[in-house]
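S.K.: After the structure tokens below, expect a handful of questions from me.
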Amino acid sequence: MSKQQEQDRRWLQKAVELSRRCPPTMNAYAVGAVLVDPSGRELATGYSREDSPAAHAEQVALTKLGPIGPVPTGSTLYTSMEPCSSRRSYPVTCTEMIVSSGISRVVLALREPPLFVRCVGVQLLRQAGVEVVEIPDLSGDVLAVNAAVLNLDI
């Protein structure tokens, strides 16, 4: 395993752990996100519903940058689940926020299950030139966190 793969796994595991902090609900997924600069320094974290009932993990992490300024070129966003491409609770999707922020890489464990919407976040990110890395062997942990919503017996 390369050094980059090891770092990707470590940060993605942190995103999965953050998702465990999400206030429970039956109408939204529990997702965690970590934003890391090119040197490997953590810039911000977030998890679903952290600061409001409709907040998404990626949105929370990007909002926390606040006065720090723009996302440094070459930054990576680690998110336990595919960023949303459709959203009823906010005028901008997480996919749109990621693209407009200048994040160059997104690493995720699980594509969004089609329970609420048909998500095409990975496709849209790639079309916008964002590198997307999937680490599906961590998807079981994400499914376990969301077992109640997905009606899974895990």
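Just so we're on the same page: first chain in the structure tokens is A, next is B, and so on; residues restart at 1 for each chain, and ligands are numbered from 1 in the order they show up.
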Which residues are close to stretch 109-117 of chain A, i.e. within 6 Å by only C-alpha atoms, leaving aside same-chain residues fewer than 5 positions away? Reply as a PyMOL selection string.

M.R.: chain A and resi 80-82+134-136+138-139

S.K.: Give me the residues within 6 Å of A:Leu35 as a CSV table (one decimal) with all heavy atoms, in the first residue's frame, counting only C-alpha atoms and dropping any in the same chain fewer than 5 places off.

M.R.:
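Written file, result_33.csv:
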```csv
chain,number,residue,atom,x,y,z
A,43,LEU,N,-7.8,20.7,8.0
A,43,LEU,CA,-8.4,22.0,8.0
A,43,LEU,C,-9.7,22.2,8.7
A,43,LEU,O,-9.9,23.2,9.4
A,43,LEU,CB,-8.5,22.5,6.5
A,43,LEU,CG,-7.3,22.6,5.7
A,43,LEU,CD1,-7.6,22.9,4.3
A,43,LEU,CD2,-6.4,23.7,6.3
A,44,ALA,N,-10.6,21.2,8.6
A,44,ALA,CA,-11.9,21.3,9.1
A,44,ALA,C,-12.6,19.9,9.1
A,44,ALA,O,-12.2,19.1,8.3
A,44,ALA,CB,-12.8,22.3,8.4
A,76,THR,N,-7.9,17.8,-0.1
A,76,THR,CA,-8.8,16.6,-0.3
A,76,THR,C,-9.9,16.6,0.7
A,76,THR,O,-9.6,17.0,1.9
A,76,THR,CB,-7.9,15.3,-0.1
A,76,THR,OG1,-6.9,15.3,-1.1
A,76,THR,CG2,-8.8,14.1,-0.2
A,77,LEU,N,-11.1,16.3,0.3
A,77,LEU,CA,-12.2,16.1,1.2
A,77,LEU,C,-12.5,14.6,1.3
A,77,LEU,O,-12.7,13.9,0.4
A,77,LEU,CB,-13.5,16.8,0.7
A,77,LEU,CG,-14.7,16.7,1.5
A,77,LEU,CD1,-14.5,17.5,2.8
A,77,LEU,CD2,-15.9,17.1,0.8
```

S.K.: DSSP on the backbone, helix (DSSP H, G or I) only: what residues of stretch 1-133 of chain A does that give? Format it as an mmCIF file with N, CA, C and O atoms, in the first residue's frame.

M.R.:
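Wrote out_31.cif, looks like this:
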```cif
data_model
loop_
_atom_site.group_PDB
_atom_site.id
_atom_site.type_symbol
_atom_site.label_atom_id
_atom_site.label_comp_id
_atom_site.auth_asym_id
_atom_site.auth_seq_id
_atom_site.Cartn_x
_atom_site.Cartn_y
_atom_site.Cartn_z
ATOM 1 N N LYS A 3 1.959 5.309 0.419
ATOM 2 C CA LYS A 3 1.790 6.285 1.496
ATOM 3 C C LYS A 3 0.476 7.045 1.315
ATOM 4 O O LYS A 3 -0.254 7.291 2.281
ATOM 5 N N GLN A 4 0.138 7.414 0.058
ATOM 6 C CA GLN A 4 -1.113 8.125 -0.212
ATOM 7 C C GLN A 4 -2.327 7.258 0.146
ATOM 8 O O GLN A 4 -3.273 7.729 0.755
ATOM 9 N N GLN A 5 -2.268 5.983 -0.182
ATOM 10 C CA GLN A 5 -3.375 5.078 0.153
ATOM 11 C C GLN A 5 -3.537 4.938 1.667
ATOM 12 O O GLN A 5 -4.659 4.900 2.175
ATOM 13 N N GLU A 6 -2.417 4.873 2.374
ATOM 14 C CA GLU A 6 -2.473 4.788 3.835
ATOM 15 C C GLU A 6 -3.105 6.049 4.423
ATOM 16 O O GLU A 6 -3.941 5.975 5.328
ATOM 17 N N GLN A 7 -2.691 7.215 3.914
ATOM 18 C CA GLN A 7 -3.259 8.474 4.400
ATOM 19 C C GLN A 7 -4.745 8.554 4.077
ATOM 20 O O GLN A 7 -5.551 8.981 4.916
ATOM 21 N N ASP A 8 -5.115 8.140 2.859
ATOM 22 C CA ASP A 8 -6.520 8.173 2.469
ATOM 23 C C ASP A 8 -7.361 7.310 3.409
ATOM 24 O O ASP A 8 -8.426 7.732 3.860
ATOM 25 N N ARG A 9 -6.900 6.133 3.719
ATOM 26 C CA ARG A 9 -7.639 5.239 4.621
ATOM 27 C C ARG A 9 -7.765 5.845 6.017
ATOM 28 O O ARG A 9 -8.827 5.812 6.627
ATOM 29 N N ARG A 10 -6.671 6.415 6.510
ATOM 30 C CA ARG A 10 -6.679 6.993 7.860
ATOM 31 C C ARG A 10 -7.677 8.146 7.955
ATOM 32 O O ARG A 10 -8.489 8.210 8.882
ATOM 33 N N TRP A 11 -7.640 9.056 6.989
ATOM 34 C CA TRP A 11 -8.549 10.200 7.030
ATOM 35 C C TRP A 11 -9.992 9.768 6.791
ATOM 36 O O TRP A 11 -10.914 10.307 7.406
ATOM 37 N N LEU A 12 -10.191 8.802 5.906
ATOM 38 C CA LEU A 12 -11.550 8.334 5.654
ATOM 39 C C LEU A 12 -12.116 7.626 6.883
ATOM 40 O O LEU A 12 -13.296 7.788 7.217
ATOM 41 N N GLN A 13 -11.292 6.887 7.586
ATOM 42 C CA GLN A 13 -11.750 6.259 8.827
ATOM 43 C C GLN A 13 -12.155 7.323 9.851
ATOM 44 O O GLN A 13 -13.129 7.149 10.589
ATOM 45 N N LYS A 14 -11.441 8.440 9.877
ATOM 46 C CA LYS A 14 -11.830 9.527 10.776
ATOM 47 C C LYS A 14 -13.192 10.088 10.371
ATOM 48 O O LYS A 14 -14.030 10.371 11.233
ATOM 49 N N ALA A 15 -13.434 10.224 9.072
ATOM 50 C CA ALA A 15 -14.737 10.706 8.598
ATOM 51 C C ALA A 15 -15.852 9.749 9.021
ATOM 52 O O ALA A 15 -16.919 10.185 9.467
ATOM 53 N N VAL A 16 -15.599 8.451 8.912
ATOM 54 C CA VAL A 16 -16.594 7.457 9.335
ATOM 55 C C VAL A 16 -16.848 7.593 10.837
ATOM 56 O O VAL A 16 -18.005 7.560 11.294
ATOM 57 N N GLU A 17 -15.800 7.767 11.617
ATOM 58 C CA GLU A 17 -15.970 7.932 13.069
ATOM 59 C C GLU A 17 -16.785 9.185 13.383
ATOM 60 O O GLU A 17 -17.625 9.178 14.287
ATOM 61 N N LEU A 18 -16.545 10.261 12.649
ATOM 62 C CA LEU A 18 -17.328 11.487 12.865
ATOM 63 C C LEU A 18 -18.809 11.248 12.590
ATOM 64 O O LEU A 18 -19.670 11.822 13.262
ATOM 65 N N SER A 19 -19.109 10.398 11.619
ATOM 66 C CA SER A 19 -20.518 10.141 11.275
ATOM 67 C C SER A 19 -21.279 9.524 12.444
ATOM 68 O O SER A 19 -22.497 9.645 12.533
ATOM 69 N N ALA A 57 -22.610 16.991 6.172
ATOM 70 C CA ALA A 57 -21.240 16.933 6.695
ATOM 71 C C ALA A 57 -20.271 17.802 5.895
ATOM 72 O O ALA A 57 -19.479 18.555 6.466
ATOM 73 N N GLU A 58 -20.322 17.682 4.573
ATOM 74 C CA GLU A 58 -19.402 18.439 3.724
ATOM 75 C C GLU A 58 -19.645 19.941 3.872
ATOM 76 O O GLU A 58 -18.705 20.733 3.946
ATOM 77 N N GLN A 59 -20.907 20.323 3.928
ATOM 78 C CA GLN A 59 -21.295 21.722 4.113
ATOM 79 C C GLN A 59 -20.748 22.261 5.429
ATOM 80 O O GLN A 59 -20.187 23.362 5.480
ATOM 81 N N VAL A 60 -20.881 21.490 6.493
ATOM 82 C CA VAL A 60 -20.401 21.923 7.810
ATOM 83 C C VAL A 60 -18.886 22.130 7.777
ATOM 84 O O VAL A 60 -18.377 23.153 8.254
ATOM 85 N N ALA A 61 -18.164 21.166 7.204
ATOM 86 C CA ALA A 61 -16.699 21.291 7.149
ATOM 87 C C ALA A 61 -16.288 22.526 6.359
ATOM 88 O O ALA A 61 -15.421 23.295 6.803
ATOM 89 N N LEU A 62 -16.905 22.751 5.205
ATOM 90 C CA LEU A 62 -16.541 23.915 4.391
ATOM 91 C C LEU A 62 -16.909 25.218 5.092
ATOM 92 O O LEU A 62 -16.166 26.194 5.019
ATOM 93 N N THR A 63 -18.024 25.238 5.797
ATOM 94 C CA THR A 63 -18.442 26.441 6.520
ATOM 95 C C THR A 63 -17.466 26.784 7.640
ATOM 96 O O THR A 63 -17.214 27.953 7.919
ATOM 97 N N LYS A 64 -16.898 25.767 8.260
ATOM 98 C CA LYS A 64 -15.961 25.997 9.359
ATOM 99 C C LYS A 64 -14.685 26.696 8.904
ATOM 100 O O LYS A 64 -13.972 27.267 9.728
ATOM 101 N N LEU A 65 -14.370 26.649 7.619
ATOM 102 C CA LEU A 65 -13.168 27.345 7.137
ATOM 103 C C LEU A 65 -13.296 28.837 7.362
ATOM 104 O O LEU A 65 -12.303 29.502 7.638
ATOM 105 N N GLY A 66 -14.514 29.346 7.228
ATOM 106 C CA GLY A 66 -14.802 30.747 7.494
ATOM 107 C C GLY A 66 -13.665 31.688 7.198
ATOM 108 O O GLY A 66 -13.252 31.834 6.055
ATOM 109 N N PRO A 67 -13.108 32.342 8.235
ATOM 110 C CA PRO A 67 -12.090 33.367 8.028
ATOM 111 C C PRO A 67 -10.732 32.825 7.552
ATOM 112 O O PRO A 67 -9.864 33.588 7.174
ATOM 113 N N ILE A 68 -10.555 31.504 7.561
ATOM 114 C CA ILE A 68 -9.285 30.951 7.071
ATOM 115 C C ILE A 68 -9.102 31.298 5.600
ATOM 116 O O ILE A 68 -8.000 31.459 5.118
ATOM 117 N N CYS A 94 -24.007 19.645 -1.968
ATOM 118 C CA CYS A 94 -22.627 19.471 -1.504
ATOM 119 C C CYS A 94 -21.681 19.324 -2.686
ATOM 120 O O CYS A 94 -20.554 19.830 -2.662
ATOM 121 N N THR A 95 -22.134 18.661 -3.739
ATOM 122 C CA THR A 95 -21.316 18.529 -4.944
ATOM 123 C C THR A 95 -20.980 19.906 -5.510
ATOM 124 O O THR A 95 -19.821 20.182 -5.842
ATOM 125 N N GLU A 96 -21.970 20.785 -5.589
ATOM 126 C CA GLU A 96 -21.734 22.146 -6.091
ATOM 127 C C GLU A 96 -20.776 22.910 -5.178
ATOM 128 O O GLU A 96 -19.896 23.635 -5.664
ATOM 129 N N MET A 97 -20.943 22.756 -3.859
ATOM 130 C CA MET A 97 -20.052 23.439 -2.911
ATOM 131 C C MET A 97 -18.606 22.970 -3.095
ATOM 132 O O MET A 97 -17.679 23.781 -3.047
ATOM 133 N N ILE A 98 -18.423 21.679 -3.279
ATOM 134 C CA ILE A 98 -17.076 21.116 -3.452
ATOM 135 C C ILE A 98 -16.436 21.663 -4.714
ATOM 136 O O ILE A 98 -15.287 22.126 -4.698
ATOM 137 N N VAL A 99 -17.170 21.634 -5.812
ATOM 138 C CA VAL A 99 -16.632 22.120 -7.081
ATOM 139 C C VAL A 99 -16.280 23.602 -6.982
ATOM 140 O O VAL A 99 -15.190 24.021 -7.375
ATOM 141 N N SER A 100 -17.183 24.403 -6.417
ATOM 142 C CA SER A 100 -16.914 25.847 -6.348
ATOM 143 C C SER A 100 -15.807 26.190 -5.355
ATOM 144 O O SER A 100 -15.163 27.230 -5.474
ATOM 145 N N SER A 101 -15.549 25.322 -4.388
ATOM 146 C CA SER A 101 -14.502 25.595 -3.397
ATOM 147 C C SER A 101 -13.097 25.386 -3.947
ATOM 148 O O SER A 101 -12.129 25.868 -3.380
ATOM 149 N N GLY A 121 -23.411 12.348 -7.478
ATOM 150 C CA GLY A 121 -22.327 13.218 -7.029
ATOM 151 C C GLY A 121 -20.975 12.834 -7.591
ATOM 152 O O GLY A 121 -20.209 13.699 -8.038
ATOM 153 N N VAL A 122 -20.654 11.538 -7.601
ATOM 154 C CA VAL A 122 -19.363 11.093 -8.133
ATOM 155 C C VAL A 122 -19.233 11.492 -9.597
ATOM 156 O O VAL A 122 -18.209 12.036 -10.020
ATOM 157 N N GLN A 123 -20.274 11.245 -10.360
ATOM 158 C CA GLN A 123 -20.258 11.583 -11.784
ATOM 159 C C GLN A 123 -20.059 13.086 -11.992
ATOM 160 O O GLN A 123 -19.232 13.503 -12.821
ATOM 161 N N LEU A 124 -20.789 13.907 -11.264
ATOM 162 C CA LEU A 124 -20.678 15.361 -11.416
ATOM 163 C C LEU A 124 -19.304 15.875 -10.990
ATOM 164 O O LEU A 124 -18.749 16.772 -11.639
ATOM 165 N N LEU A 125 -18.767 15.322 -9.917
ATOM 166 C CA LEU A 125 -17.432 15.740 -9.481
ATOM 167 C C LEU A 125 -16.395 15.410 -10.547
ATOM 168 O O LEU A 125 -15.555 16.255 -10.895
ATOM 169 N N ARG A 126 -16.459 14.201 -11.069
ATOM 170 C CA ARG A 126 -15.492 13.812 -12.114
ATOM 171 C C ARG A 126 -15.646 14.674 -13.363
ATOM 172 O O ARG A 126 -14.650 15.063 -13.969
ATOM 173 N N GLN A 127 -16.871 14.977 -13.745
ATOM 174 C CA GLN A 127 -17.094 15.841 -14.912
ATOM 175 C C GLN A 127 -16.501 17.226 -14.697
ATOM 176 O O GLN A 127 -16.081 17.881 -15.650
#
```

S.K.: Please report the interatomic distance between atom CA of A:His56 and atom CA of A:Glu42 in Å with one decimal.

M.R.: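 So the answer is 18.5 Å.
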
S.K.: Extract, using only C-alpha atoms, all DNA, RNA and protein residues at most 6 Å from A:Tyr78, discarding same-chain residues fewer than 5 positions from it, and format them as a ChimeraX atom specification.

M.R.: /A:12,33-34,106-108

S.K.: Given only C-alpha atoms as the basis, pick out the residue of A:Cys119, A:Val133, A:Ala55, A:Ala128 nearest to A:Ala28.

M.R.: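 Closest to A:Ala28, using only C-alpha atoms: A:Ala55.
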
S.K.: Counting only C-alpha atoms, which residue out of A:Leu152, A:Val145, A:Val92, A:Val120 sits closest to A:Arg21?

M.R.: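 Once distances to A:Arg21 are computed over only C-alpha atoms, the minimum belongs to A:Val145.
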
S.K.: Restricting the calculation to only C-alpha atoms: of A:Thr79, A:Ser85, A:Ser2, A:Asn146, which residue gets closest to A:Cys22?

M.R.: A:Asn146

S.K.: What's the separation between atom CA of A:Pro23 and atom CA of A:Glu50, in Å to one decimal place?

M.R.: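 Between atom CA of A:Pro23 and atom CA of A:Glu50 the gap is 7.6 Å.
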
S.K.: Write out as number ranges by chain which residues come within 7 Å of A:Val71 when counting only C-alpha atoms, dropping same-chain ones fewer than 3 positions away.

M.R.: A: 75, 101-103
